[in-house]
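Okay, target22.txt now, which holds compact mmCIF, C-alpha atoms:
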# COMPACT_ATOMS: atom_id res chain seq x y z
CA MET A 1 5.43 -31.81 -2.11
CA LYS A 2 3.85 -28.40 -2.62
CA GLN A 3 5.68 -25.43 -1.12
CA THR A 4 3.77 -22.51 0.28
CA ARG A 5 4.64 -19.06 -0.95
CA ARG A 6 6.67 -17.00 1.49
CA LYS A 7 5.43 -13.54 2.40
CA PHE A 8 7.67 -10.79 3.68
CA ASP A 9 6.57 -7.77 5.65
CA SER A 10 7.55 -4.27 4.65
CA ALA A 11 10.05 -3.88 7.50
CA PHE A 12 12.04 -6.89 6.29
CA LYS A 13 11.97 -5.65 2.69
CA ALA A 14 13.20 -2.21 3.78
CA LYS A 15 15.98 -3.77 5.84
CA VAL A 16 17.21 -5.87 2.91
CA ALA A 17 16.90 -2.94 0.47
CA LEU A 18 18.91 -0.68 2.77
CA GLU A 19 21.64 -3.28 3.10
CA ALA A 20 21.72 -3.59 -0.69
CA LEU A 21 22.02 0.20 -0.99
CA ARG A 22 24.93 0.30 1.44
CA GLU A 23 26.80 -2.12 -0.86
CA ARG A 24 28.89 -3.58 1.95
CA GLU A 25 28.01 -7.03 0.64
CA THR A 26 27.30 -8.24 -2.87
CA LEU A 27 23.79 -9.14 -3.93
CA SER A 28 24.80 -12.80 -3.92
CA GLY A 29 26.08 -12.47 -0.38
CA LEU A 30 22.85 -10.85 0.75
CA ALA A 31 20.86 -13.51 -1.11
CA VAL A 32 22.63 -16.27 0.81
CA LYS A 33 22.33 -14.37 4.09
CA TYR A 34 18.56 -13.83 3.78
CA ASP A 35 17.75 -16.93 1.69
CA LEU A 36 16.44 -14.87 -1.24
CA HIS A 37 17.10 -14.67 -4.96
CA PRO A 38 19.40 -11.78 -6.02
CA ASN A 39 16.78 -10.60 -8.51
CA GLN A 40 14.27 -10.21 -5.66
CA ILE A 41 16.72 -8.06 -3.72
CA SER A 42 17.33 -5.90 -6.79
CA GLN A 43 13.60 -5.49 -7.27
CA TRP A 44 13.06 -4.41 -3.66
CA LYS A 45 16.01 -2.03 -3.91
CA GLN A 46 14.60 -0.42 -7.06
CA GLU A 47 11.12 -0.13 -5.54
CA PHE A 48 12.61 1.42 -2.40
CA LEU A 49 14.44 4.04 -4.44
CA GLU A 50 11.35 4.88 -6.50
CA LYS A 51 9.07 5.32 -3.50
CA SER A 52 11.52 6.97 -1.11
CA ALA A 53 10.71 10.48 -2.34
CA SER A 54 7.06 10.08 -1.37
CA VAL A 55 8.05 9.83 2.29
CA PHE A 56 8.62 13.58 2.42
CA ASP A 57 5.56 14.54 0.37
CA HIS A 58 2.95 13.73 3.00
CA LYS A 59 2.09 16.52 5.39
CA LEU A 60 0.61 15.83 8.76
CA PRO A 61 -2.91 17.15 9.10
CA SER A 62 -3.28 20.06 11.50
CA SER A 63 -5.89 18.13 13.45
CA ALA A 64 -3.49 15.25 14.07
CA SER A 65 -2.57 16.63 17.50
CA GLU A 66 -6.18 17.53 18.36
CA PRO A 67 -8.52 14.82 19.63
CA GLU A 68 -11.50 13.77 17.52
CA VAL A 69 -14.67 15.68 18.41
CA ASP A 70 -18.22 14.42 17.96
CA VAL A 71 -19.92 17.30 16.14
CA SER A 72 -23.47 16.09 16.75
CA LYS A 73 -22.92 16.17 20.53
CA LEU A 74 -21.59 19.71 20.30
CA TYR A 75 -24.61 20.89 18.29
CA ALA A 76 -26.91 19.24 20.85
CA LYS A 77 -25.09 21.04 23.67
CA ILE A 78 -25.37 24.38 21.83
CA GLY A 79 -29.10 23.88 21.39
CA GLU A 80 -29.50 23.01 25.06
CA LEU A 81 -27.58 26.09 26.18
CA GLN A 82 -29.60 28.37 23.88
CA MET A 83 -32.85 27.02 25.36
CA GLU A 84 -31.58 27.68 28.91
CA ARG A 85 -30.53 31.21 27.93
CA ASP A 86 -33.97 31.96 26.45
CA PHE A 87 -35.69 31.16 29.75
What is this structure when it is put down as C-alpha cells?
Amino acid sequence: MKQTRRKFDSAFKAKVALEALRERETLSGLAVKYDLHPNQISQWKQEFLEKSASVFDHKLPSSASEPEVDVSKLYAKIGELQMERDF
C-alpha cells in the first residue's frame, strides 16, 4: 500500500526544533514523542539556528501603521478642488 508523504507546518517544526534546543529530552526521545526520525529533528534544529538571525534583520515599514491610500483618488480630488478654486 502506498503511503502519502506527511507535511508539517512551520509552527510544528519550530516547536520541535525549540524542544531539541532545550535538550531536556534526547533526539530519540523526541523522535518517539513526535513520530519523526532523529535526523529530521536535527535538520530542523540546524535550519532553525541558521535562520534565527534573520528574524531581527527585518524592519517594519514606516507605512505599516498608516492605512493604504488610493493615490489616483487623491489626485482626482486635488484636480476637482483646483477647478472649484478657479471659479
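Near segment 19-33 of chain A, within a cut-off of 12 Å and counting all atoms listed in the file, sit the residues A:Phe12, A:Lys13, A:Ala14, A:Lys15, A:Val16, A:Ala17, A:Asp35, A:Leu36, A:His37, A:Pro38, A:Asn39, A:Gln40, A:Ile41, A:Ser42, A:Gln43, A:Trp44, A:Lys45, A:Gln46, A:Glu47, A:Phe48, A:Leu49, with same-chain residues fewer than 2 positions away left out.
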Straight-line distance linking atom CA of Lys51 of chain A with atom CA of Leu18 of chain A, stated in Å to one decimal:
13.1 Å
Just give me the gap between atom CA of Arg6 of chain A and atom CA of Ser52 of chain A in Å, one decimal is fine.
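Interatomic distance, atom CA of Arg6 of chain A to atom CA of Ser52 of chain A: 24.6 Å.
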Atom CA of Phe87 of chain A and atom CA of Val69 of chain A, how far apart in Å?
28.5 Å
